[in-house]
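Listing of protein36.txt; format and content: compact mmCIF, C-alpha atoms.
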```
# COMPACT_ATOMS: atom_id res chain seq x y z
CA MET A 1 73.67 86.43 133.71
CA ASN A 2 76.12 84.77 136.08
CA LYS A 3 78.87 86.34 138.14
CA ASP A 4 81.64 85.10 135.84
CA ARG A 5 80.05 86.75 132.81
CA ILE A 6 79.70 90.05 134.69
CA ASP A 7 83.37 89.85 135.68
CA GLU A 8 84.31 89.08 132.08
CA LEU A 9 82.35 92.06 130.76
CA LEU A 10 83.78 94.34 133.44
CA GLU A 11 87.26 93.30 132.37
CA GLN A 12 86.43 94.08 128.74
CA ALA A 13 85.02 97.47 129.78
CA ARG A 14 88.16 98.12 131.80
CA GLU A 15 90.34 97.56 128.77
CA LYS A 16 88.27 99.85 126.59
CA HIS A 17 88.69 103.61 126.24
CA PRO A 18 92.31 104.38 126.98
CA ALA A 19 92.48 108.17 127.24
CA PRO A 20 94.78 109.46 124.49
CA ALA A 21 97.09 112.15 125.89
CA SER A 22 97.11 114.02 122.57
CA GLU A 23 93.43 114.92 122.96
CA PHE A 24 93.99 116.80 126.19
CA CYS A 25 95.43 120.22 126.95
CA SER A 26 98.48 120.36 129.19
CA ALA A 27 98.15 120.31 132.97
CA THR A 28 99.34 123.93 133.00
CA GLU A 29 96.55 125.00 130.66
CA PHE A 30 94.05 122.96 132.66
CA LYS A 31 95.14 124.73 135.85
CA GLN A 32 94.97 128.16 134.21
CA MET A 33 91.40 127.47 133.14
CA PHE A 34 90.45 126.17 136.58
CA PHE A 35 91.92 129.08 138.52
CA ARG A 36 90.24 131.55 136.17
CA ARG A 37 86.88 129.88 136.77
CA SER A 38 87.45 129.63 140.52
CA ARG A 39 88.22 133.36 140.69
CA MET A 40 85.05 134.13 138.71
CA GLN A 41 83.10 131.91 141.08
CA SER A 42 84.50 133.74 144.10
CA ALA A 43 84.06 137.17 142.50
CA LYS A 44 80.32 136.61 141.99
CA ALA A 45 79.78 136.73 145.74
CA ARG A 46 81.49 140.14 146.24
CA PRO A 47 79.26 142.52 144.20
CA LEU A 48 76.27 141.28 146.21
CA ARG A 49 77.72 142.60 149.48
CA ARG A 50 78.63 145.95 147.92
CA ALA A 51 75.14 146.31 146.44
CA ILE A 52 73.46 145.66 149.81
CA TRP A 53 75.29 148.54 151.48
CA GLY A 54 74.88 150.81 148.49
CA LEU A 55 71.12 150.32 148.25
CA ALA A 56 70.59 150.46 152.01
CA ALA A 57 72.38 153.81 152.04
CA ALA A 58 70.42 155.08 149.03
CA SER A 59 66.97 154.02 150.25
CA LEU A 60 65.46 153.43 153.74
CA LEU A 61 62.31 151.89 152.34
CA LEU A 62 63.70 148.75 150.63
CA ILE A 63 64.68 145.47 152.33
CA ALA A 64 68.35 144.97 151.41
CA GLY A 65 68.13 141.35 150.31
CA VAL A 66 65.23 141.83 147.94
CA ALA A 67 66.92 144.92 146.48
CA VAL A 68 70.11 142.98 145.72
CA GLN A 69 68.22 140.21 143.93
CA LEU A 70 66.28 142.77 141.91
CA ALA A 71 69.48 144.68 141.05
CA SER A 72 71.30 141.52 139.85
CA GLU A 73 68.36 140.36 137.78
CA GLU A 74 67.80 143.81 136.30
CA LYS A 75 71.46 144.10 135.34
CA ARG A 76 71.37 140.77 133.53
CA GLN A 77 68.18 141.69 131.73
CA ALA A 78 69.55 145.15 130.87
CA GLN A 79 72.66 143.63 129.27
CA GLU A 80 70.53 141.23 127.24
CA GLY A 81 68.15 144.07 126.41
CA GLU A 82 70.97 146.30 125.14
CA ALA A 83 72.27 143.62 122.79
CA ALA A 84 68.79 142.83 121.46
CA ASP A 85 67.97 146.55 121.14
CA ARG A 86 71.10 147.22 119.08
CA LEU A 87 70.24 144.42 116.70
CA ARG A 88 66.57 145.39 116.53
CA GLN A 89 67.55 148.93 115.54
CA LEU A 90 69.83 147.58 112.86
CA VAL A 91 67.13 145.25 111.54
CA ALA A 92 64.70 148.20 111.33
CA LEU A 93 67.03 149.91 108.85
CA PHE A 94 66.67 147.06 106.36
CA SER A 95 63.78 145.15 104.82
CA PRO A 96 62.23 142.34 106.94
CA ASP A 97 63.67 139.70 104.61
CA SER A 98 67.23 140.96 104.88
CA GLY A 99 69.89 139.05 106.73
CA ILE A 100 71.56 141.43 109.15
CA GLY A 101 73.82 141.08 112.11
CA MET A 102 77.00 142.21 113.83
CA VAL A 103 80.40 140.63 114.04
CA ASN A 104 82.49 142.20 116.80
CA GLY A 105 80.16 145.18 116.71
CA GLU A 106 80.44 145.73 112.96
CA PRO A 107 77.36 145.20 110.76
CA VAL A 108 77.28 142.33 108.30
CA THR A 109 74.63 141.31 105.78
CA PHE A 110 73.83 137.87 104.45
CA ASP A 111 71.21 135.87 102.54
CA ARG A 112 68.54 134.19 104.59
CA GLN A 113 65.10 132.64 104.18
CA ASN A 114 62.07 134.90 104.16
CA GLY A 115 60.30 135.97 107.28
CA ARG A 116 60.57 138.65 109.89
CA PRO A 117 63.52 138.07 112.21
CA THR A 118 62.34 137.41 115.77
CA ARG A 119 65.48 135.93 117.32
CA MET A 120 69.03 137.01 117.93
CA VAL A 121 71.60 134.24 117.59
CA GLU A 122 74.54 135.19 119.78
CA LEU A 123 77.80 133.26 119.56
CA ALA A 124 80.71 134.44 121.73
CA VAL A 125 83.96 132.68 120.88
CA TYR A 126 86.77 132.22 123.43
CA ASP A 127 90.24 130.84 122.89
CA ARG A 128 92.20 128.45 125.14
CA ASN A 129 93.24 131.32 127.35
CA ASP A 130 89.60 132.19 127.92
CA ARG A 131 89.97 135.37 125.92
CA GLN A 132 86.98 136.43 123.83
CA VAL A 133 88.13 136.50 120.22
CA ALA A 134 84.82 137.18 118.52
CA ILE A 135 81.15 137.86 119.14
CA LEU A 136 78.47 137.26 116.54
CA GLU A 137 74.96 138.70 116.92
CA LEU A 138 72.77 137.68 114.01
CA ALA A 139 69.05 138.32 113.44
CA ALA A 140 67.07 135.20 112.49
CA GLY A 141 63.55 133.89 112.20
CA ALA A 142 62.43 130.99 114.37
CA ASP A 143 62.75 128.66 111.35
CA ASP A 144 65.57 130.03 109.30
CA TYR A 145 68.62 129.22 107.27
CA PHE A 146 71.27 131.67 106.25
CA GLU A 147 74.55 131.69 104.44
CA LEU A 148 77.26 134.14 105.33
CA THR A 149 79.81 135.28 102.79
CA ALA A 150 81.49 138.24 104.50
CA ASP A 151 85.29 138.32 104.32
CA ARG A 152 85.68 137.59 108.00
CA LEU A 153 82.71 135.26 108.42
CA LYS A 154 81.68 132.54 106.00
CA GLY A 155 79.46 129.54 106.46
CA ALA A 156 75.90 128.56 107.25
CA ILE A 157 73.55 128.71 110.22
CA SER A 158 70.27 126.87 110.62
CA LEU A 159 67.64 127.48 113.27
CA GLN A 160 64.63 125.17 113.57
CA ARG A 161 61.69 125.01 115.94
CA GLY A 162 61.49 122.03 118.27
CA PRO A 163 58.93 120.68 120.74
CA ASP A 164 58.61 122.17 124.21
CA ARG A 165 59.51 125.55 122.71
CA ASP A 166 63.05 124.34 122.05
CA GLN A 167 65.09 125.53 119.12
CA ILE A 168 67.75 123.56 117.29
CA LEU A 169 70.74 125.67 116.31
CA GLU A 170 73.31 124.27 113.90
CA PHE A 171 76.24 126.16 112.48
CA SER A 172 79.29 125.54 110.35
CA LEU A 173 81.43 128.68 110.18
CA ALA A 174 84.85 129.89 109.13
CA LEU A 175 85.69 132.94 111.24
CA THR A 176 88.73 135.11 110.47
CA LEU A 177 90.14 136.64 113.63
CA GLY A 178 91.88 139.98 114.03
CA ASN A 179 95.29 138.32 113.71
CA GLY A 180 94.37 136.85 110.33
CA GLU A 181 93.89 133.31 111.63
CA THR A 182 90.81 131.49 110.30
CA VAL A 183 88.96 129.35 112.81
CA LYS A 184 86.46 126.67 111.83
CA LEU A 185 83.53 126.29 114.22
CA ARG A 186 80.86 123.60 114.00
CA ASP A 187 78.13 122.62 116.40
CA ILE A 188 74.55 121.48 116.64
CA GLY A 189 72.48 121.72 119.80
CA VAL A 190 69.07 122.14 121.35
CA MET A 191 68.43 125.47 123.06
CA LYS A 192 65.75 127.39 124.89
CA THR A 193 65.44 131.14 124.31
CA GLY A 194 67.18 133.15 127.01
CA CYS A 195 69.38 130.32 128.32
CA ASN A 196 73.15 130.11 127.98
CA TYR A 197 74.86 127.09 126.42
CA THR A 198 78.47 126.13 125.87
CA ALA A 199 79.92 124.34 122.87
CA ARG A 200 83.53 123.39 122.26
CA ASP A 201 85.29 122.91 118.96
CA ALA A 202 88.98 122.09 119.00
CA ASP A 203 90.70 124.83 121.01
CA TYR A 204 87.72 127.14 121.16
CA ARG A 205 84.79 127.55 123.53
CA ILE A 206 81.59 128.99 122.10
CA GLU A 207 79.01 130.52 124.43
CA LYS A 208 75.66 130.36 122.67
CA ARG A 209 72.33 131.98 123.38
CA LEU A 210 69.11 132.91 121.65
CA LEU A 211 67.26 136.08 122.57
CA ASN A 212 63.95 137.46 121.38
CA ILE A 213 64.14 140.70 119.41
CA MET B 1 99.46 132.05 145.45
CA ASP B 2 97.39 131.65 148.63
CA ASP B 3 96.97 128.44 150.63
CA ARG B 4 93.85 127.31 148.83
CA GLU B 5 95.44 127.83 145.42
CA ALA B 6 98.55 125.97 146.53
CA VAL B 7 96.44 123.02 147.71
CA PHE B 8 94.54 122.85 144.43
CA ASN B 9 97.71 123.31 142.42
CA HIS B 10 99.16 120.26 144.15
CA LEU B 11 95.92 118.28 143.87
CA ILE B 12 95.74 118.85 140.12
CA ASP B 13 99.42 117.95 139.64
CA GLU B 14 98.97 114.74 141.59
CA HIS B 15 95.57 113.55 140.44
CA LEU B 16 94.78 115.02 137.01
CA PRO B 17 96.03 112.04 134.96
CA MET B 18 94.02 109.55 137.00
CA LEU B 19 90.95 111.79 137.09
CA ARG B 20 91.14 112.06 133.32
CA SER B 21 91.47 108.31 132.97
CA VAL B 22 88.43 107.73 135.18
CA ALA B 23 86.24 110.38 133.56
CA TYR B 24 87.26 109.51 129.99
CA ARG B 25 85.98 105.96 130.43
CA ILE B 26 82.56 107.47 131.05
CA THR B 27 82.38 110.44 128.69
CA GLY B 28 84.52 109.15 125.82
CA ASN B 29 85.89 112.57 124.84
CA ALA B 30 88.48 114.98 126.18
CA ALA B 31 86.31 118.12 126.33
CA ASP B 32 83.58 116.52 128.45
CA THR B 33 86.22 114.78 130.56
CA ASP B 34 87.95 118.01 131.48
CA GLU B 35 84.62 119.76 132.03
CA ALA B 36 83.56 117.07 134.54
CA ILE B 37 86.85 117.41 136.40
CA GLN B 38 86.63 121.22 136.38
CA LEU B 39 83.11 121.03 137.85
CA ALA B 40 84.31 118.66 140.57
CA LEU B 41 87.23 120.92 141.43
CA LEU B 42 85.02 124.02 141.50
CA SER B 43 82.66 122.23 143.87
CA ALA B 44 85.58 121.40 146.16
CA TRP B 45 86.85 124.97 145.87
CA LYS B 46 83.53 126.26 147.16
CA LYS B 47 83.53 123.83 150.08
CA PHE B 48 87.23 124.13 150.81
CA ASP B 49 86.81 125.38 154.37
CA THR B 50 84.66 122.39 155.31
CA PHE B 51 87.22 119.77 154.37
CA ARG B 52 89.33 118.41 157.19
CA GLY B 53 92.52 117.43 155.45
CA ASN B 54 93.38 116.97 151.79
CA ALA B 55 92.46 113.28 151.79
CA LYS B 56 88.78 114.13 152.31
CA MET B 57 88.89 116.69 149.55
CA SER B 58 90.56 114.43 146.99
CA SER B 59 87.95 111.74 147.74
CA TRP B 60 85.26 114.34 147.15
CA VAL B 61 86.82 115.33 143.84
CA TYR B 62 86.98 111.74 142.60
CA ARG B 63 83.39 111.06 143.53
CA ILE B 64 82.05 114.29 142.05
CA THR B 65 84.09 113.69 138.90
CA VAL B 66 82.40 110.32 138.40
CA ASN B 67 78.96 111.79 138.98
CA ALA B 68 79.59 114.88 136.85
CA SER B 69 80.84 112.63 134.04
CA TYR B 70 77.60 110.67 134.07
CA ASP B 71 75.56 113.89 134.20
CA ILE B 72 77.37 115.22 131.14
CA LEU B 73 76.99 111.88 129.35
CA ARG B 74 73.25 111.82 130.03
CA ALA B 75 72.82 115.42 128.89
CA ARG B 76 74.64 114.59 125.66
CA GLU B 77 72.46 111.50 125.10
CA ARG B 78 69.27 113.53 125.73
CA GLU B 79 70.41 116.12 123.21
CA SER B 80 71.25 113.42 120.65
CA ARG B 81 67.79 111.92 121.01
CA LYS B 82 66.16 115.32 120.47
CA LEU B 83 68.34 116.01 117.44
CA ALA B 84 67.62 112.59 115.98
CA ALA B 85 63.92 113.44 116.02
CA TYR B 86 64.64 116.30 113.58
CA ALA B 87 66.95 114.50 111.19
CA THR B 88 65.76 115.10 107.63
CA THR B 89 67.07 111.75 106.51
CA PRO B 90 66.12 108.70 108.49
CA ALA B 91 68.96 107.52 110.68
CA VAL B 92 70.49 104.23 109.68
CA PRO B 93 69.49 101.84 112.44
CA GLU B 94 72.49 100.94 114.53
CA ASN B 95 73.39 97.36 115.17
CA ASP B 96 72.32 96.05 118.55
CA SER B 97 74.55 97.35 121.32
CA SER B 98 77.36 95.07 122.33
CA ASP B 99 77.28 93.31 125.68
CA VAL B 100 79.89 95.73 127.01
CA GLU B 101 77.81 98.73 125.93
CA ARG B 102 74.76 97.25 127.64
CA LEU B 103 76.85 96.72 130.75
CA GLU B 104 78.06 100.34 130.63
CA ALA B 105 74.44 101.47 130.37
CA ALA B 106 73.64 99.30 133.40
CA ILE B 107 76.56 100.83 135.33
CA ALA B 108 75.22 104.30 134.56
CA GLU B 109 71.91 103.28 136.19
CA LEU B 110 73.45 102.11 139.46
CA PRO B 111 72.99 104.15 142.63
CA GLU B 112 75.87 106.61 143.04
CA LEU B 113 77.60 104.72 145.85
CA TYR B 114 77.85 101.50 143.85
CA ARG B 115 78.53 103.23 140.56
CA GLU B 116 81.54 105.01 142.11
CA ALA B 117 82.75 101.70 143.56
CA ILE B 118 82.62 100.01 140.15
CA VAL B 119 84.16 102.91 138.22
CA LEU B 120 87.04 103.52 140.63
CA GLY B 121 87.41 100.07 142.16
CA VAL B 122 87.06 97.89 139.06
CA LEU B 123 87.24 99.89 135.81
CA SER B 124 90.08 102.25 136.70
CA ASP B 125 93.75 101.34 136.91
CA LEU B 126 93.84 101.98 140.64
CA ASP B 127 94.65 99.15 143.03
CA GLY B 128 92.03 98.34 145.68
CA ARG B 129 93.73 100.21 148.51
CA THR B 130 94.24 103.37 146.46
CA ALA B 131 90.71 103.22 145.07
CA ALA B 132 89.38 102.97 148.62
CA GLU B 133 91.45 106.00 149.63
CA ARG B 134 90.08 107.96 146.69
CA LEU B 135 86.56 107.07 147.74
CA GLY B 136 87.21 107.85 151.39
CA CYS B 137 86.39 104.36 152.67
CA SER B 138 88.24 101.28 153.88
CA PRO B 139 89.28 98.57 151.37
CA ASN B 140 86.88 96.19 153.06
CA THR B 141 83.98 98.60 152.58
CA LEU B 142 84.96 99.08 148.96
CA TYR B 143 85.00 95.32 148.31
CA GLN B 144 81.57 94.98 149.89
CA ARG B 145 80.23 97.78 147.70
CA ILE B 146 81.74 96.19 144.60
CA HIS B 147 80.15 92.86 145.53
CA LYS B 148 76.77 94.55 145.98
CA ALA B 149 77.24 96.54 142.77
CA LYS B 150 77.84 93.35 140.79
CA GLN B 151 74.65 91.84 142.20
CA LEU B 152 72.75 94.94 141.13
CA LEU B 153 74.44 94.90 137.74
CA ARG B 154 73.30 91.35 137.05
CA GLN B 155 69.76 92.49 137.72
CA THR B 156 70.00 95.85 135.91
CA TYR B 157 71.85 94.33 132.94
CA ARG B 158 68.94 92.01 132.33
CA GLU B 159 66.50 95.00 132.43
CA VAL B 160 68.59 97.02 129.96
CA GLN B 161 68.97 94.03 127.67
CA TYR B 162 65.25 93.63 127.29
CA GLU B 163 64.36 97.38 126.87
```
Now, as a test, write the supplied structure out as structure tokens.
Amino acid sequence: MNKDRIDELLEQAREKHPAPASEFCSATEFKQMFFRRSRMQSAKARPLRRAIWGLAAASLLLIAGVAVQLASEEKRQAQEGEAADRLRQLVALFSPDSGIGMVNGEPVTFDRQNGRPTRMVELAVYDRNDRQVAILELAAGADDYFELTADRLKGAISLQRGPDRDQILEFSLALTLGNGETVKLRDIGVMKTGCNYTARDADYRIEKRLLNI
Amino acid sequence: MDDREAVFNHLIDEHLPMLRSVAYRITGNAADTDEAIQLALLSAWKKFDTFRGNAKMSSWVYRITVNASYDILRARERESRKLAAYATTPAVPENDSSDVERLEAAIAELPELYREAIVLGVLSDLDGRTAAERLGCSPNTLYQRIHKAKQLLRQTYREVQYE
């Protein structure tokens, strides 16, 4: 491989991949998204300071720093626990083979493969303005496939086991929002239980996670 | 709008098109491109007080954008490989990668300093002086890095070709 050939290939690479403007949001929308995220980033630091003073005042026996870390972690786990608890209670009302879940807090039923549900598939959908437009919490087995036929949610979801305790989540959904608009959402990705993942489809951002129930 | 917001507002107005052009060459799609740039800007936002002058900060943003773009690309490739292992139908074998694709893979393997020099100094539409400004170095330093990067590419390209 001589220098001239490298230069030739670099020139070809340079001419590849023009960025089509139509694929991108406007600079205004980009800035709105950035400033929202920067404010969230800054805001995460503030509750920590408030919690230190609050716990120090409430207890003389705890070291403030450890207490803050415990409080933040407990809050996160409590929020996850509440969501999983709600779904677990709903699942208990139906047979183990039933497909059950919640869309924006309202129960939905669907057909799924046999097996006791052990996972909650959570999909939170946000629009371009970073506004949550829907949240889906669906009970599933670790190897499962279900079809949804509710008026406001149609489509299919597949969950498969992977190596290293991964799970592969694939979905193809048509979600009808409160304003009557139907949004098509498709994605496939590898996930670990308890971790947060982000998918994007057209103008929508989907925050995905799997929890144990 | 406070000072920091005003600075970033101006930075985005001035540099977003070029940042998108640079990142898109690496990621190949708009969503990952904008995510890489957002991550770079958020990193600069956090370190805002440590930057002495906007020039340093814009250099930082360009460099982090390049690196974040490669991180996102690698994460996507890792995910694709995992998914391919679970395909129910065997994937149709792709034709051998083109020479340009092999070169792009070799560029992705370069050390950051030389990878940034190639991406901004050669592959982007920036002239040498502007590319050097974006990277926070002199044009002479940039040319030296490009020269070294090409030497490394000749070596790395051969390794990728025979993988």
Can you list every residue of chain B that has an atom at most 9 Å from chain A, with its nearest atom pair and the distance in Å to one decimal, using only C-alpha atoms, ordered by chain then number, as a Markdown table?
```
| residue | atom | partner | partner_atom | distance |
| --- | --- | --- | --- | --- |
| B:Glu5 | CA | A:Phe35 | CA | 7.8 |
| B:Phe8 | CA | A:Lys31 | CA | 8.8 |
| B:Asn9 | CA | A:Lys31 | CA | 7.2 |
| B:Ile12 | CA | A:Lys31 | CA | 7.3 |
| B:Asp13 | CA | A:Ala27 | CA | 7.2 |
| B:Leu16 | CA | A:Ala27 | CA | 7.5 |
| B:Pro17 | CA | A:Ala27 | CA | 8.8 |
| B:Arg20 | CA | A:Ala19 | CA | 7.3 |
| B:Ser21 | CA | A:Ala19 | CA | 5.8 |
| B:Val22 | CA | A:Ala19 | CA | 8.9 |
| B:Tyr24 | CA | A:Ala19 | CA | 6.1 |
| B:Arg25 | CA | A:His17 | CA | 5.5 |
| B:Ile26 | CA | A:His17 | CA | 8.7 |
| B:Gly28 | CA | A:His17 | CA | 6.9 |
| B:Asn29 | CA | A:Glu23 | CA | 8.1 |
| B:Ala30 | CA | A:Phe24 | CA | 5.8 |
| B:Ala31 | CA | A:Arg200 | CA | 7.2 |
| B:Asp34 | CA | A:Phe30 | CA | 7.9 |
| B:Gln38 | CA | A:Phe34 | CA | 6.3 |
| B:Leu41 | CA | A:Phe34 | CA | 7.8 |
| B:Leu42 | CA | A:Ser38 | CA | 6.2 |
| B:Trp45 | CA | A:Ser38 | CA | 7.1 |
| B:Lys46 | CA | A:Ser42 | CA | 8.1 |
| B:Glu79 | CA | A:Val190 | CA | 6.4 |
| B:Ser80 | CA | A:Gly189 | CA | 8.4 |
| B:Lys82 | CA | A:Val190 | CA | 7.5 |
| B:Leu83 | CA | A:Val190 | CA | 7.3 |
| B:Tyr86 | CA | A:Gly162 | CA | 8.0 |
| B:Asp99 | CA | A:Leu9 | CA | 7.3 |
| B:Val100 | CA | A:Leu9 | CA | 5.8 |
| B:Glu101 | CA | A:Ala13 | CA | 8.3 |
| B:Leu103 | CA | A:Leu9 | CA | 7.2 |
| B:Glu104 | CA | A:Ala13 | CA | 7.6 |
| B:Ile118 | CA | A:Leu10 | CA | 8.9 |
| B:Val119 | CA | A:Arg14 | CA | 9.0 |
| B:Val122 | CA | A:Arg14 | CA | 7.3 |
| B:Leu123 | CA | A:Arg14 | CA | 4.5 |
| B:Ser124 | CA | A:Arg14 | CA | 6.7 |
| B:Asp125 | CA | A:Arg14 | CA | 8.2 |
| B:Lys150 | CA | A:Ile6 | CA | 7.2 |
| B:Gln151 | CA | A:Lys3 | CA | 8.0 |
| B:Leu153 | CA | A:Ile6 | CA | 7.8 |
| B:Arg154 | CA | A:Met1 | CA | 6.0 |
| B:Gln155 | CA | A:Met1 | CA | 8.3 |
| B:Tyr157 | CA | A:Met1 | CA | 8.1 |
| B:Arg158 | CA | A:Met1 | CA | 7.4 |
```
Export of prior selection with C-alpha atoms as a short mmCIF file (atom, residue, chain, number, x, y, z; two decimals), keeping the file's coordinate frame:
```
data_model
loop_
_atom_site.label_atom_id
_atom_site.label_comp_id
_atom_site.auth_asym_id
_atom_site.auth_seq_id
_atom_site.Cartn_x
_atom_site.Cartn_y
_atom_site.Cartn_z
CA GLU B 5 95.44 127.83 145.42
CA PHE B 8 94.54 122.85 144.43
CA ASN B 9 97.71 123.31 142.42
CA ILE B 12 95.74 118.85 140.12
CA ASP B 13 99.42 117.95 139.64
CA LEU B 16 94.78 115.02 137.01
CA PRO B 17 96.03 112.04 134.96
CA ARG B 20 91.14 112.06 133.32
CA SER B 21 91.47 108.31 132.97
CA VAL B 22 88.43 107.73 135.18
CA TYR B 24 87.26 109.51 129.99
CA ARG B 25 85.98 105.96 130.43
CA ILE B 26 82.56 107.47 131.05
CA GLY B 28 84.52 109.15 125.82
CA ASN B 29 85.89 112.57 124.84
CA ALA B 30 88.48 114.98 126.18
CA ALA B 31 86.31 118.12 126.33
CA ASP B 34 87.95 118.01 131.48
CA GLN B 38 86.63 121.22 136.38
CA LEU B 41 87.23 120.92 141.43
CA LEU B 42 85.02 124.02 141.50
CA TRP B 45 86.85 124.97 145.87
CA LYS B 46 83.53 126.26 147.16
CA GLU B 79 70.41 116.12 123.21
CA SER B 80 71.25 113.42 120.65
CA LYS B 82 66.16 115.32 120.47
CA LEU B 83 68.34 116.01 117.44
CA TYR B 86 64.64 116.30 113.58
CA ASP B 99 77.28 93.31 125.68
CA VAL B 100 79.89 95.73 127.01
CA GLU B 101 77.81 98.73 125.93
CA LEU B 103 76.85 96.72 130.75
CA GLU B 104 78.06 100.34 130.63
CA ILE B 118 82.62 100.01 140.15
CA VAL B 119 84.16 102.91 138.22
CA VAL B 122 87.06 97.89 139.06
CA LEU B 123 87.24 99.89 135.81
CA SER B 124 90.08 102.25 136.70
CA ASP B 125 93.75 101.34 136.91
CA LYS B 150 77.84 93.35 140.79
CA GLN B 151 74.65 91.84 142.20
CA LEU B 153 74.44 94.90 137.74
CA ARG B 154 73.30 91.35 137.05
CA GLN B 155 69.76 92.49 137.72
CA TYR B 157 71.85 94.33 132.94
CA ARG B 158 68.94 92.01 132.33
#
```
**OP:** Would you mind reading off the distance between atom CA of B:Arg115 and atom CA of B:Asn67, one decimal, in Å?
**Re:**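 About the pair atom CA of B:Arg115 and atom CA of B:Asn67: they are 8.7 Å apart.
Here atom CA of A:Leu169 stands at a distance of 7.4 Å from atom CA of A:Ile157.
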Subject >> atom CA of A:Gln89 to atom CA of A:Ile135, distance in Å rounded to a single decimal >> reply: 17.9 Å
Subject >> For B:Ala105, the nearest of the candidates B:Thr156, B:Ser138, B:Thr65, B:Thr27, counting only C-alpha atoms >> reply: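 Residue with the minimum atom-to-atom distance to B:Ala105: B:Thr156.
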